[in-house]
Each structure stands twice: as structure tokens, then as C-alpha cells.
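Participant: Input model25.txt, format and content: compact mmCIF, C-alpha atoms.
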# COMPACT_ATOMS: atom_id res chain seq x y z
CA ARG A 187 -114.51 -72.94 62.46
CA PRO A 188 -116.91 -75.35 60.71
CA GLU A 189 -114.30 -76.49 58.16
CA ASP A 190 -112.10 -77.72 61.04
CA ALA A 191 -114.89 -79.65 62.77
CA GLU A 192 -113.70 -83.06 61.53
CA ARG A 193 -110.03 -82.42 62.20
CA LEU A 194 -108.46 -83.66 65.40
CA SER A 195 -107.61 -81.05 67.99
CA ALA A 196 -104.01 -80.77 69.20
CA GLU A 197 -105.00 -82.54 72.41
CA GLU A 198 -106.66 -85.38 70.47
CA GLU A 199 -103.55 -85.70 68.28
CA ASP A 200 -101.40 -86.04 71.42
CA VAL A 201 -103.67 -88.79 72.75
CA ALA A 202 -103.67 -90.53 69.37
CA GLN A 203 -99.87 -90.50 69.26
CA SER A 204 -99.41 -92.30 72.58
CA ASP A 205 -99.27 -96.11 72.63
CA ALA A 206 -102.02 -96.77 75.14
CA GLY A 207 -103.74 -93.58 74.14
CA GLY A 208 -105.04 -93.02 77.66
CA ASP A 209 -108.34 -93.91 76.05
CA GLY A 210 -108.95 -97.25 77.72
CA ARG A 211 -108.21 -99.06 74.46
CA PRO A 212 -105.71 -101.91 74.82
CA GLU A 213 -102.28 -101.68 73.28
CA ASP A 214 -101.60 -103.81 70.22
CA PRO A 215 -99.09 -106.65 70.65
CA PRO A 216 -95.44 -105.80 69.87
CA GLY A 217 -94.53 -106.25 66.20
CA THR A 218 -98.06 -105.51 64.99
CA SER A 219 -99.74 -102.52 63.37
CA PRO A 220 -103.42 -101.62 63.33
CA LEU A 221 -105.06 -102.53 60.03
CA TRP A 222 -108.54 -101.20 59.24
CA GLU A 223 -110.43 -103.28 56.68
CA TRP A 224 -113.82 -102.84 55.01
CA CYS A 225 -116.15 -105.77 54.36
CA ARG A 226 -117.03 -106.79 50.81
CA GLU A 227 -120.01 -108.83 52.05
CA LEU A 228 -123.33 -107.61 53.40
CA VAL A 229 -123.22 -108.51 57.10
CA PHE A 230 -124.87 -106.85 60.06
CA THR A 231 -123.27 -108.30 63.18
CA ALA A 232 -119.79 -108.96 64.52
CA ALA A 233 -120.65 -112.68 64.75
CA GLU A 234 -121.44 -112.77 61.01
CA ALA A 235 -118.26 -110.83 60.23
CA ASP A 236 -116.16 -113.17 62.38
CA ALA A 237 -117.19 -116.09 60.16
CA LEU A 238 -116.00 -114.46 56.92
CA PRO A 239 -112.80 -115.56 55.13
CA ALA A 240 -109.84 -113.19 54.79
CA ASP A 241 -110.65 -112.42 51.14
CA ALA A 242 -113.99 -110.90 52.20
CA TRP A 243 -112.08 -107.87 53.51
CA GLY A 244 -110.63 -104.94 51.59
CA VAL A 245 -107.92 -102.63 52.92
CA TYR A 246 -107.96 -98.86 53.23
CA SER A 247 -104.99 -96.90 51.92
CA ALA A 248 -102.16 -96.13 54.33
CA GLU A 249 -103.37 -92.52 54.62
CA GLN A 250 -106.98 -93.55 55.25
CA ASN A 251 -105.86 -96.22 57.73
CA GLY A 252 -103.85 -93.59 59.62
CA ASP A 253 -106.75 -91.13 59.69
CA ILE A 254 -109.11 -93.81 61.00
CA GLU A 255 -106.63 -95.02 63.64
CA ARG A 256 -105.88 -91.50 64.91
CA ALA A 257 -109.58 -90.75 65.35
CA PHE A 258 -110.10 -94.14 67.04
CA ARG A 259 -107.19 -93.59 69.45
CA ALA A 260 -108.35 -90.05 70.19
CA GLY A 261 -111.70 -91.40 71.33
CA ARG A 262 -113.66 -89.72 68.55
CA PRO A 263 -117.06 -91.27 67.71
CA SER A 264 -116.09 -91.52 64.03
CA ALA A 265 -113.51 -90.75 61.37
CA VAL A 266 -113.95 -89.17 57.97
CA VAL A 267 -112.54 -91.05 54.97
CA GLU A 268 -112.26 -89.34 51.60
CA LEU A 269 -112.24 -91.34 48.39
CA GLY A 270 -112.04 -88.98 45.44
CA VAL A 271 -115.04 -86.66 45.63
CA ARG A 272 -116.93 -88.96 48.00
CA GLU A 273 -116.80 -88.87 51.77
CA PHE A 274 -117.52 -91.70 54.18
CA HIS A 275 -117.71 -91.87 57.94
CA VAL A 276 -116.30 -94.76 59.93
CA ALA A 277 -118.36 -94.91 63.12
CA PHE A 278 -116.78 -96.67 66.10
CA ASP A 279 -120.11 -97.74 67.58
CA VAL A 280 -120.18 -101.48 66.89
CA GLY A 281 -117.54 -102.68 69.39
CA ASP A 282 -115.62 -105.97 69.52
CA GLY A 283 -113.04 -104.64 67.03
CA TYR A 284 -115.68 -103.60 64.50
CA ALA A 285 -117.06 -100.32 63.21
CA ARG A 286 -119.43 -99.21 60.45
CA GLN A 287 -118.61 -97.32 57.29
CA VAL A 288 -121.47 -94.99 56.40
CA ASP A 289 -122.01 -93.18 53.12
CA PRO A 290 -124.34 -90.35 54.19
CA ARG A 291 -125.12 -89.31 50.62
CA LEU A 292 -126.16 -92.76 49.35
CA ARG A 293 -127.23 -94.03 52.79
CA LYS A 294 -125.13 -97.17 52.42
CA LYS A 295 -123.43 -98.97 55.29
CA ARG A 296 -120.86 -101.73 55.57
CA MET A 297 -118.93 -103.40 58.36
CA VAL A 298 -115.35 -102.37 59.09
CA ARG A 299 -112.91 -104.20 61.31
CA ARG A 300 -109.70 -103.30 63.09
CA ARG A 301 -107.09 -105.95 63.63
CA ALA A 302 -103.54 -106.01 64.88
CA ALA A 303 -101.68 -107.40 61.87
CA PRO A 304 -97.97 -108.26 61.72
CA GLU A 305 -96.20 -105.05 60.67
CA ALA A 306 -94.90 -106.44 57.35
CA GLU A 307 -98.37 -107.75 56.44
CA ALA A 308 -100.01 -104.41 57.27
CA ARG A 309 -97.46 -102.46 55.20
CA ALA A 310 -97.82 -104.80 52.22
CA ALA A 311 -101.62 -104.79 52.38
CA MET A 312 -101.83 -100.99 52.37
CA GLN A 313 -99.46 -100.75 49.39
CA ARG A 314 -101.59 -102.99 47.14
CA PRO A 315 -103.71 -101.01 44.70
CA ALA A 316 -107.39 -101.15 45.60
CA ALA A 317 -109.75 -102.54 42.99
CA THR A 318 -111.95 -99.65 41.92
CA SER A 319 -115.05 -101.77 41.45
CA THR A 320 -114.86 -103.12 44.99
CA GLY A 321 -113.38 -100.09 46.77
CA PRO A 322 -114.67 -98.98 50.15
CA GLY A 323 -117.59 -97.06 48.61
For this file, write the structure as C-alpha cells.

Facilitator:
Amino acid sequence: RPEDAERLSAEEEDVAQSDAGGDGRPEDPPGTSPLWEWCRELVFTAAEADALPADAWGVYSAEQNGDIERAFRAGRPSAVVELGVREFHVAFDVGDGYARQVDPRLRKKRMVRRRAAPEAEARAAMQRPAATSTGPG
């Protein structure tokens, strides 16, 4: 069904639930959790993004972070992120721990990164309210 096209299949969910994922992606170090962050700056390469300070990165909500991580672990080419009535795609085509967030309606793009953060840091970051003026859109 077309409305289910972006949802993970049962098989993809099983892969996403496993630690190594069977997807060739390395496991995160013990005591860490994956944290997906969107870039507040206009950068185009991983090298430029690597040079940015920590405050140049915003954090997705816990639900969005989970959706992105499950799609990543399942080997999907992208994940869909919903923010109110808007929809974004996080495309895993950059490599080196980076992805791109694409707004197909406005044709805007921004860098996204995935990092293995200490579990307490990841939990705290995802619980902070996002600033609406600098949200992932």
C-alpha cells in the first residue's frame, strides 16, 4: 500500500533491533547511544562539519532520533522525519557519520550527523525543548 511505503517492514525492524544490525555498520561503544543532530550552519562537506563547535548542532526529538536510527540500522536509503505538518527526509548518502536532511517542498538541505554519545548525554539532549526558530526545518 502506498501509505505504508515509508514504514519499515517487519524484516527491517528485526534488523534495526539487533546490535550489529547485520548491516555492516559498526556497533557503538558500550555505554553510548546514537544521537542524530542537525547542523545550524550552512556546510556542504563532512570536513567542514567536522570543524564546527558543539553548539552548531541541534538535536532531534527522542521519537525522531529513534525513527532515523531504525531506518539507518535497517539499511534504508533515508528516513522520514515529521515536524508538525512538514516532512523532511534524512538521506544516508554522505558517509563518514553524516547524512543530509532534505525538505522536498522548500528544496532546502542541511547536514546531519550521527554520533555515539554517552547514554546520559544523549537522553538529556533529546529531552531539551527545541528552539522553534532554529528547529530542524

Participant: Could you give me, as a compact mmCIF listing (two decimals) with C-alpha atoms, in the coordinates of the input, the residues within 10 Å of region 235-249 of chain A, counting all atoms listed in the file and dropping anything in the same chain fewer than 4 positions from it?

Facilitator:
# COMPACT_ATOMS: atom_id res chain seq x y z
CA LEU A 221 -105.06 -102.53 60.03
CA TRP A 222 -108.54 -101.20 59.24
CA GLU A 223 -110.43 -103.28 56.68
CA TRP A 224 -113.82 -102.84 55.01
CA CYS A 225 -116.15 -105.77 54.36
CA ARG A 226 -117.03 -106.79 50.81
CA GLU A 227 -120.01 -108.83 52.05
CA LEU A 228 -123.33 -107.61 53.40
CA VAL A 229 -123.22 -108.51 57.10
CA PHE A 230 -124.87 -106.85 60.06
CA THR A 231 -123.27 -108.30 63.18
CA ASP A 253 -106.75 -91.13 59.69
CA ILE A 254 -109.11 -93.81 61.00
CA GLU A 255 -106.63 -95.02 63.64
CA VAL A 267 -112.54 -91.05 54.97
CA GLU A 268 -112.26 -89.34 51.60
CA LEU A 269 -112.24 -91.34 48.39
CA TYR A 284 -115.68 -103.60 64.50
CA MET A 297 -118.93 -103.40 58.36
CA VAL A 298 -115.35 -102.37 59.09
CA ARG A 299 -112.91 -104.20 61.31
CA ALA A 308 -100.01 -104.41 57.27
CA ARG A 309 -97.46 -102.46 55.20
CA ALA A 310 -97.82 -104.80 52.22
CA ALA A 311 -101.62 -104.79 52.38
CA MET A 312 -101.83 -100.99 52.37
CA GLN A 313 -99.46 -100.75 49.39
CA ARG A 314 -101.59 -102.99 47.14
CA PRO A 315 -103.71 -101.01 44.70
CA ALA A 316 -107.39 -101.15 45.60
CA ALA A 317 -109.75 -102.54 42.99
CA THR A 320 -114.86 -103.12 44.99
CA GLY A 321 -113.38 -100.09 46.77
CA PRO A 322 -114.67 -98.98 50.15

Participant: In Å to one decimal, how far is CA of Val271 (chain A) from CA of Gly283 (chain A)?

Facilitator: 28.0 Å

Participant: Could you state the separation of CA of Lys295 (chain A) and CA of Ala233 (chain A) in Å, given to one decimal place?

Facilitator: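 Taking CA of Lys295 (chain A) and CA of Ala233 (chain A), their separation equals 16.9 Å.
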
Participant: Could you tell me how far CA of Val276 (chain A) lies from CA of Gly252 (chain A), in Å and to one decimal?

Facilitator: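 Distance reported for this atom pair: 12.5 Å.
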
Participant: Using only C-alpha atoms, which protein or nucleic acid residues come within 6 Å of Val288 (chain A)? Drop anything in the same chain fewer than 5 positions from it, and give the result as a list of chain:residue names.

Facilitator: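 Returned residues: A:Phe274, A:His275, A:Lys294, A:Lys295.
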
Participant: So, with all atoms listed in the file as the atoms that count, which of A:Arg272, A:Pro220, A:Val266, A:Pro304 lies closest to Arg286 (chain A)?

Facilitator: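 Ranked by minimum distance to Arg286 (chain A), first place goes to A:Val266.
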
Participant: What box, with edges along x, y and z, holds each listed atom of region 225-242 of chain A when 6 Å is added on every side, and can you state its centre and edge lengths in Å to one decimal, as AutoDock Vina command-line options?

Facilitator:
--center_x -117.4 --center_y -110.9 --center_z 57.8 --size_x 27.0 --size_y 22.3 --size_z 25.9

Participant: Rank A:Leu292, A:Ala265, A:Ala303, A:Ala260 by their smallest atom-to-atom distance to Arg211 (chain A), using all atoms listed in the file, and report the top residue only.

Facilitator: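 Residue with the minimum atom-to-atom distance to Arg211 (chain A): A:Ala260.
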
Participant: Can you put all heavy atoms back into region 272-283 of chain A and show it as an mmCIF file, in the coordinates of the input?

Facilitator:
data_model
loop_
_atom_site.group_PDB
_atom_site.id
_atom_site.type_symbol
_atom_site.label_atom_id
_atom_site.label_comp_id
_atom_site.auth_asym_id
_atom_site.auth_seq_id
_atom_site.Cartn_x
_atom_site.Cartn_y
_atom_site.Cartn_z
ATOM 1 N N ARG A 272 -115.980 -88.409 47.035
ATOM 2 C CA ARG A 272 -116.930 -88.960 48.000
ATOM 3 C C ARG A 272 -116.326 -88.953 49.399
ATOM 4 O O ARG A 272 -115.115 -88.996 49.580
ATOM 5 C CB ARG A 272 -117.320 -90.376 47.605
ATOM 6 C CG ARG A 272 -118.092 -90.345 46.288
ATOM 7 C CD ARG A 272 -118.486 -91.681 45.802
ATOM 8 N NE ARG A 272 -119.441 -92.310 46.692
ATOM 9 C CZ ARG A 272 -119.761 -93.583 46.596
ATOM 10 N NH1 ARG A 272 -119.227 -94.336 45.672
ATOM 11 N NH2 ARG A 272 -120.626 -94.114 47.420
ATOM 12 N N GLU A 273 -117.216 -88.906 50.373
ATOM 13 C CA GLU A 273 -116.800 -88.870 51.770
ATOM 14 C C GLU A 273 -117.606 -89.921 52.538
ATOM 15 O O GLU A 273 -118.810 -90.035 52.359
ATOM 16 C CB GLU A 273 -117.073 -87.482 52.330
ATOM 17 C CG GLU A 273 -116.611 -87.297 53.747
ATOM 18 C CD GLU A 273 -116.822 -85.867 54.207
ATOM 19 O OE1 GLU A 273 -115.958 -85.024 53.920
ATOM 20 O OE2 GLU A 273 -117.854 -85.609 54.851
ATOM 21 N N PHE A 274 -116.904 -90.675 53.360
ATOM 22 C CA PHE A 274 -117.520 -91.700 54.180
ATOM 23 C C PHE A 274 -117.182 -91.431 55.640
ATOM 24 O O PHE A 274 -116.185 -90.783 55.936
ATOM 25 C CB PHE A 274 -116.975 -93.093 53.815
ATOM 26 C CG PHE A 274 -117.111 -93.414 52.362
ATOM 27 C CD1 PHE A 274 -116.069 -93.201 51.482
ATOM 28 C CD2 PHE A 274 -118.302 -93.908 51.864
ATOM 29 C CE1 PHE A 274 -116.193 -93.481 50.142
ATOM 30 C CE2 PHE A 274 -118.437 -94.200 50.520
ATOM 31 C CZ PHE A 274 -117.383 -93.984 49.655
ATOM 32 N N HIS A 275 -117.984 -91.961 56.511
ATOM 33 C CA HIS A 275 -117.710 -91.870 57.940
ATOM 34 C C HIS A 275 -117.533 -93.287 58.463
ATOM 35 O O HIS A 275 -118.313 -94.176 58.124
ATOM 36 C CB HIS A 275 -118.884 -91.192 58.671
ATOM 37 C CG HIS A 275 -119.105 -89.799 58.215
ATOM 38 N ND1 HIS A 275 -118.636 -88.709 58.911
ATOM 39 C CD2 HIS A 275 -119.704 -89.297 57.118
ATOM 40 C CE1 HIS A 275 -118.958 -87.616 58.258
ATOM 41 N NE2 HIS A 275 -119.604 -87.937 57.163
ATOM 42 N N VAL A 276 -116.495 -93.490 59.258
ATOM 43 C CA VAL A 276 -116.300 -94.760 59.930
ATOM 44 C C VAL A 276 -116.682 -94.523 61.386
ATOM 45 O O VAL A 276 -116.011 -93.785 62.102
ATOM 46 C CB VAL A 276 -114.842 -95.266 59.808
ATOM 47 C CG1 VAL A 276 -114.639 -96.530 60.617
ATOM 48 C CG2 VAL A 276 -114.494 -95.496 58.335
ATOM 49 N N ALA A 277 -117.812 -95.109 61.779
ATOM 50 C CA ALA A 277 -118.360 -94.910 63.120
ATOM 51 C C ALA A 277 -117.912 -96.045 64.030
ATOM 52 O O ALA A 277 -118.103 -97.216 63.701
ATOM 53 C CB ALA A 277 -119.892 -94.851 63.053
ATOM 54 N N PHE A 278 -117.324 -95.686 65.168
ATOM 55 C CA PHE A 278 -116.780 -96.670 66.100
ATOM 56 C C PHE A 278 -117.838 -97.090 67.125
ATOM 57 O O PHE A 278 -117.580 -97.112 68.321
ATOM 58 C CB PHE A 278 -115.562 -96.093 66.821
ATOM 59 C CG PHE A 278 -114.533 -95.506 65.890
ATOM 60 C CD1 PHE A 278 -114.176 -94.172 65.989
ATOM 61 C CD2 PHE A 278 -113.940 -96.265 64.913
ATOM 62 C CE1 PHE A 278 -113.231 -93.614 65.140
ATOM 63 C CE2 PHE A 278 -112.991 -95.727 64.048
ATOM 64 C CZ PHE A 278 -112.640 -94.396 64.170
ATOM 65 N N ASP A 279 -119.012 -97.450 66.663
ATOM 66 C CA ASP A 279 -120.110 -97.740 67.580
ATOM 67 C C ASP A 279 -120.533 -99.198 67.616
ATOM 68 O O ASP A 279 -121.511 -99.543 68.251
ATOM 69 C CB ASP A 279 -121.318 -96.857 67.259
ATOM 70 C CG ASP A 279 -121.827 -97.051 65.838
ATOM 71 O OD1 ASP A 279 -121.214 -97.821 65.070
ATOM 72 O OD2 ASP A 279 -122.831 -96.413 65.493
ATOM 73 N N VAL A 280 -119.810 -100.072 66.938
ATOM 74 C CA VAL A 280 -120.180 -101.480 66.890
ATOM 75 C C VAL A 280 -119.534 -102.245 68.048
ATOM 76 O O VAL A 280 -120.167 -103.062 68.692
ATOM 77 C CB VAL A 280 -119.814 -102.122 65.535
ATOM 78 C CG1 VAL A 280 -120.136 -103.601 65.531
ATOM 79 C CG2 VAL A 280 -120.548 -101.404 64.414
ATOM 80 N N GLY A 281 -118.260 -101.989 68.321
ATOM 81 C CA GLY A 281 -117.540 -102.680 69.390
ATOM 82 C C GLY A 281 -116.934 -103.988 68.911
ATOM 83 O O GLY A 281 -117.072 -104.373 67.751
ATOM 84 N N ASP A 282 -116.250 -104.672 69.806
ATOM 85 C CA ASP A 282 -115.620 -105.970 69.520
ATOM 86 C C ASP A 282 -114.668 -105.906 68.319
ATOM 87 O O ASP A 282 -114.571 -106.859 67.552
ATOM 88 C CB ASP A 282 -116.675 -107.058 69.277
ATOM 89 C CG ASP A 282 -117.526 -107.326 70.504
ATOM 90 O OD1 ASP A 282 -116.984 -107.229 71.624
ATOM 91 O OD2 ASP A 282 -118.718 -107.615 70.341
ATOM 92 N N GLY A 283 -113.978 -104.766 68.132
ATOM 93 C CA GLY A 283 -113.040 -104.640 67.030
ATOM 94 C C GLY A 283 -113.680 -104.277 65.705
ATOM 95 O O GLY A 283 -113.027 -104.312 64.666
#
